[in-house]
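As provided, work.cif (mmCIF, C-alpha atoms; chains and numbers go by the auth columns) reads as follows.
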data_start
#
loop_
_atom_site.group_PDB
_atom_site.id
_atom_site.type_symbol
_atom_site.label_atom_id
_atom_site.label_comp_id
_atom_site.label_asym_id
_atom_site.label_seq_id
_atom_site.Cartn_x
_atom_site.Cartn_y
_atom_site.Cartn_z
_atom_site.B_iso_or_equiv
_atom_site.auth_seq_id
_atom_site.auth_asym_id
ATOM 1 C CA MET A 1 47.347 176.755 57.762 0.00 1 A
ATOM 2 C CA LEU A 2 48.253 178.949 60.711 0.00 2 A
ATOM 3 C CA SER A 3 46.363 178.441 63.939 0.00 3 A
ATOM 4 C CA LYS A 4 44.791 181.338 65.807 0.00 4 A
ATOM 5 C CA SER A 5 46.695 182.682 68.790 0.00 5 A
ATOM 6 C CA LEU A 6 45.225 182.058 72.246 0.00 6 A
ATOM 7 C CA PHE A 7 46.069 185.610 73.325 0.00 7 A
ATOM 8 C CA GLU A 8 45.171 188.843 71.565 0.00 8 A
ATOM 9 C CA GLY A 9 48.179 190.997 72.377 0.00 9 A
ATOM 10 C CA LYS A 10 48.507 190.706 76.136 0.00 10 A
ATOM 11 C CA LYS A 11 44.822 189.935 76.662 0.00 11 A
ATOM 12 C CA LEU A 12 42.893 186.716 76.991 0.00 12 A
ATOM 13 C CA TYR A 13 39.163 186.800 76.184 0.00 13 A
ATOM 14 C CA GLY A 14 36.460 184.305 77.067 0.00 14 A
ATOM 15 C CA ASN A 15 33.333 183.400 78.992 0.00 15 A
ATOM 16 C CA LEU A 16 33.702 181.726 82.364 0.00 16 A
ATOM 17 C CA GLY A 17 33.345 177.975 81.937 0.00 17 A
ATOM 18 C CA ASP A 18 34.063 178.077 78.189 0.00 18 A
ATOM 19 C CA TYR A 19 37.508 177.567 76.645 0.00 19 A
ATOM 20 C CA PRO A 20 39.914 179.241 77.389 0.00 20 A
ATOM 21 C CA PHE A 21 38.228 180.298 80.653 0.00 21 A
ATOM 22 C CA THR A 22 37.815 176.774 82.015 0.00 22 A
ATOM 23 C CA ALA A 23 39.513 175.861 85.275 0.00 23 A
ATOM 24 C CA GLU A 24 41.762 173.353 83.491 0.00 24 A
ATOM 25 C CA SER A 25 42.840 175.753 80.758 0.00 25 A
ATOM 26 C CA LEU A 26 43.533 178.622 83.166 0.00 26 A
ATOM 27 C CA PHE A 27 45.493 176.227 85.413 0.00 27 A
ATOM 28 C CA ARG A 28 47.726 175.287 82.459 0.00 28 A
ATOM 29 C CA ILE A 29 48.177 178.942 81.471 0.00 29 A
ATOM 30 C CA GLY A 30 49.247 179.784 85.046 0.00 30 A
ATOM 31 C CA LEU A 31 51.633 176.829 85.084 0.00 31 A
ATOM 32 C CA ALA A 32 53.142 177.814 81.722 0.00 32 A
ATOM 33 C CA LEU A 33 53.472 181.435 82.861 0.00 33 A
ATOM 34 C CA CYS A 34 55.380 180.436 86.007 0.00 34 A
ATOM 35 C CA THR A 35 57.574 178.001 84.059 0.00 35 A
ATOM 36 C CA TYR A 36 58.429 180.725 81.546 0.00 36 A
ATOM 37 C CA LEU A 37 59.381 183.183 84.304 0.00 37 A
ATOM 38 C CA VAL A 38 61.650 180.560 85.904 0.00 38 A
ATOM 39 C CA ILE A 39 63.290 179.829 82.521 0.00 39 A
ATOM 40 C CA LYS A 40 63.710 183.580 82.044 0.00 40 A
ATOM 41 C CA GLY A 41 65.721 183.694 85.284 0.00 41 A
ATOM 42 C CA GLU A 42 63.361 184.570 88.121 0.00 42 A
ATOM 43 C CA GLU A 43 64.206 182.421 91.124 0.00 43 A
ATOM 44 C CA LYS A 44 60.810 182.815 92.844 0.00 44 A
ATOM 45 C CA PRO A 45 58.289 184.468 90.497 0.00 45 A
ATOM 46 C CA THR A 46 55.251 186.275 91.882 0.00 46 A
ATOM 47 C CA LEU A 47 51.886 186.737 90.226 0.00 47 A
ATOM 48 C CA GLY A 48 49.851 189.762 91.241 0.00 48 A
ATOM 49 C CA ILE A 49 46.085 189.532 90.888 0.00 49 A
ATOM 50 C CA ASN A 50 43.523 192.279 91.358 0.00 50 A
ATOM 51 C CA VAL A 51 40.604 190.184 92.641 0.00 51 A
ATOM 52 C CA LEU A 52 39.963 186.688 93.961 0.00 52 A
ATOM 53 C CA ASP A 53 37.471 185.024 91.614 0.00 53 A
ATOM 54 C CA PHE A 54 37.112 181.906 89.461 0.00 54 A
ATOM 55 C CA ALA A 55 39.341 183.120 86.634 0.00 55 A
ATOM 56 C CA THR A 56 42.189 184.553 88.697 0.00 56 A
ATOM 57 C CA MET A 57 42.185 181.726 91.232 0.00 57 A
ATOM 58 C CA SER A 58 42.237 179.031 88.522 0.00 58 A
ATOM 59 C CA LEU A 59 45.220 180.825 86.975 0.00 59 A
ATOM 60 C CA ALA A 60 46.802 181.272 90.417 0.00 60 A
ATOM 61 C CA VAL A 61 46.579 177.566 91.309 0.00 61 A
ATOM 62 C CA GLY A 62 48.512 176.688 88.149 0.00 62 A
ATOM 63 C CA PHE A 63 51.071 179.394 88.913 0.00 63 A
ATOM 64 C CA MET A 64 51.544 178.029 92.457 0.00 64 A
ATOM 65 C CA ALA A 65 51.899 174.491 91.049 0.00 65 A
ATOM 66 C CA GLY A 66 54.844 175.852 89.067 0.00 66 A
ATOM 67 C CA GLY A 67 56.439 177.088 92.298 0.00 67 A
ATOM 68 C CA GLY A 68 55.495 180.760 92.158 0.00 68 A
ATOM 69 C CA ASP A 69 53.797 182.811 94.836 0.00 69 A
ATOM 70 C CA VAL A 70 50.548 184.684 94.268 0.00 70 A
ATOM 71 C CA VAL A 71 49.786 188.045 95.883 0.00 71 A
ATOM 72 C CA VAL A 72 46.711 190.220 95.847 0.00 72 A
ATOM 73 C CA GLY A 73 48.282 193.366 94.434 0.00 73 A
ATOM 74 C CA GLU A 74 51.496 193.774 92.425 0.00 74 A
ATOM 75 C CA GLY A 75 53.785 190.925 91.369 0.00 75 A
ATOM 76 C CA SER A 76 56.585 190.419 88.859 0.00 76 A
ATOM 77 C CA VAL A 77 53.675 189.837 86.457 0.00 77 A
ATOM 78 C CA SER A 78 50.173 191.090 87.216 0.00 78 A
ATOM 79 C CA VAL A 79 46.844 189.876 85.901 0.00 79 A
ATOM 80 C CA ILE A 80 43.796 192.100 85.915 0.00 80 A
ATOM 81 C CA HIS A 81 40.405 190.465 85.487 0.00 81 A
ATOM 82 C CA ARG A 82 37.854 192.769 83.881 0.00 82 A
ATOM 83 C CA GLU A 83 34.685 190.765 84.318 0.00 83 A
ATOM 84 C CA GLU A 84 32.499 193.205 82.381 0.00 84 A
ATOM 85 C CA GLU A 85 34.719 192.644 79.313 0.00 85 A
ATOM 86 C CA ASN A 86 35.391 188.932 79.993 0.00 86 A
ATOM 87 C CA THR A 87 39.101 189.737 79.793 0.00 87 A
ATOM 88 C CA LEU A 88 42.307 188.826 81.610 0.00 88 A
ATOM 89 C CA ILE A 89 45.002 191.435 81.010 0.00 89 A
ATOM 90 C CA PHE A 90 48.621 190.392 81.589 0.00 90 A
ATOM 91 C CA GLU A 91 50.843 193.286 82.696 0.00 91 A
ATOM 92 C CA GLY A 92 54.621 193.081 82.899 0.00 92 A
ATOM 93 C CA LEU A 93 54.949 190.926 79.789 0.00 93 A
ATOM 94 C CA ASP A 94 55.935 191.839 76.251 0.00 94 A
ATOM 95 C CA GLU A 95 54.084 190.323 73.307 0.00 95 A
ATOM 96 C CA ILE A 96 57.103 188.100 72.610 0.00 96 A
ATOM 97 C CA ASP A 97 56.809 186.784 76.189 0.00 97 A
ATOM 98 C CA VAL A 98 53.194 185.865 75.508 0.00 98 A
ATOM 99 C CA LYS A 99 54.249 183.980 72.350 0.00 99 A
ATOM 100 C CA LYS A 100 56.836 182.048 74.368 0.00 100 A
ATOM 101 C CA ILE A 101 54.214 181.165 76.988 0.00 101 A
ATOM 102 C CA GLU A 102 51.946 179.880 74.204 0.00 102 A
ATOM 103 C CA SER A 103 54.876 177.853 72.906 0.00 103 A
ATOM 104 C CA ILE A 104 55.251 176.197 76.324 0.00 104 A
ATOM 105 C CA LEU A 105 51.493 175.602 76.504 0.00 105 A
ATOM 106 C CA PHE A 106 51.226 173.898 73.148 0.00 106 A
ATOM 107 C CA SER A 107 54.512 171.981 73.152 0.00 107 A
ATOM 108 C CA ARG A 108 54.399 168.216 73.262 0.00 108 A
ATOM 109 C CA TYR A 109 56.372 168.004 76.484 0.00 109 A
ATOM 110 C CA HIS A 110 55.109 167.971 80.056 0.00 110 A
ATOM 111 C CA ILE A 111 55.233 171.273 81.914 0.00 111 A
ATOM 112 C CA PRO A 112 57.147 170.588 85.142 0.00 112 A
ATOM 113 C CA ARG A 113 55.315 170.968 88.451 0.00 113 A
ATOM 114 C CA LYS A 114 56.706 171.502 91.928 0.00 114 A
ATOM 115 C CA ARG A 115 56.047 169.182 94.862 0.00 115 A
ATOM 116 C CA GLY A 116 55.895 169.507 98.622 0.00 116 A
ATOM 117 C CA LYS A 117 57.346 172.690 100.055 0.00 117 A
ATOM 118 C CA GLU A 118 58.372 173.892 96.576 0.00 118 A
ATOM 119 C CA VAL A 119 54.725 174.601 95.678 0.00 119 A
ATOM 120 C CA GLY A 120 54.001 178.327 95.784 0.00 120 A
ATOM 121 C CA ARG A 121 51.787 180.122 98.272 0.00 121 A
ATOM 122 C CA LEU A 122 48.948 182.622 98.222 0.00 122 A
ATOM 123 C CA TRP A 123 49.545 185.877 100.096 0.00 123 A
ATOM 124 C CA ILE A 124 46.700 188.197 101.070 0.00 124 A
ATOM 125 C CA ARG A 125 47.693 191.396 102.896 0.00 125 A
ATOM 126 C CA GLU A 126 51.104 189.890 103.600 0.00 126 A
ATOM 127 C CA ASN A 127 49.557 186.884 105.365 0.00 127 A
ATOM 128 C CA LYS A 128 50.387 183.454 104.022 0.00 128 A
ATOM 129 C CA LEU A 129 47.388 181.178 103.410 0.00 129 A
#

Just give me the structure of the file as structure tokens.
Amino acid sequence: MLSKSLFEGKKLYGNLGDYPFTAESLFRIGLALCTYLVIKGEEKPTLGINVLDFATMSLAVGFMAGGGDVVVGEGSVSVIHREEENTLIFEGLDEIDVKKIESILFSRYHIPRKRGKEVGRLWIRENKL
């Protein structure tokens, strides 16, 4: 039996607080996304988000734990949260990239995390927080 994909194309649907829009799940998705971009060859990946809210910040914390920086605006990958549709839209990824991120998420191995000064940062209007 084949399991259902977490993503539908390049979109992730859910209600805040329910899987997959829990803080823990979004953290792991952000961590897997950053890990994938590093494996793909980006030295310091950046995640662009359109708004600071529960969904994007939970995702962003995981991405920073993987060593990537988060910016409000455009990044190497951007995530748009459409609250009225309960959707996160991932731009800058192909559908095969999304499948590889799911593969990292559901593998039996630990996803590596950065420590100390290697942890990513949040940038708002070019100011480091």

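Minimum distance to Met57 of chain A across A:His110, A:Leu122, A:Pro45, A:Glu84 (counting all atoms listed in the file) occurs at A:Leu122.
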
Discussion item. Give me the residues near Lys99 of chain A as a ChimeraX atom specification, where near means some atom within 10 Å (using all atoms listed in the file) and where sequence neighbours in that chain fewer than 2 positions away do not count.
Written reply: /A:5-7,9-10,94-97,101-105

Worksheet item: Just so the selection is clear, what residues does the PyMOL selection byres ((chain A and resi 82) around 12) cover here, as a PyMOL selection string?
Response: chain A and resi 11-16+49-53+55-56+79-81+83-90

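Residues surrounding Ser76 of chain A within 10 Å are A:Leu37, A:Glu42, A:Lys44, A:Pro45, A:Thr46, A:Leu47, A:Gly48, A:Val70, A:Glu91, A:Gly92, A:Leu93 [only C-alpha atoms; sequence separation below 4 positions excluded].
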
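If you look at atom CA of Val119 of chain A and atom CA of Glu24 of chain A, they are 17.8 Å away from each other.
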
Discussion item. My list of candidates is A:Ile124, A:Ile39, A:Leu33, A:Val77. Which is closest to Ala65 of chain A when distances are computed with all atoms listed in the file?
Written reply: A:Leu33
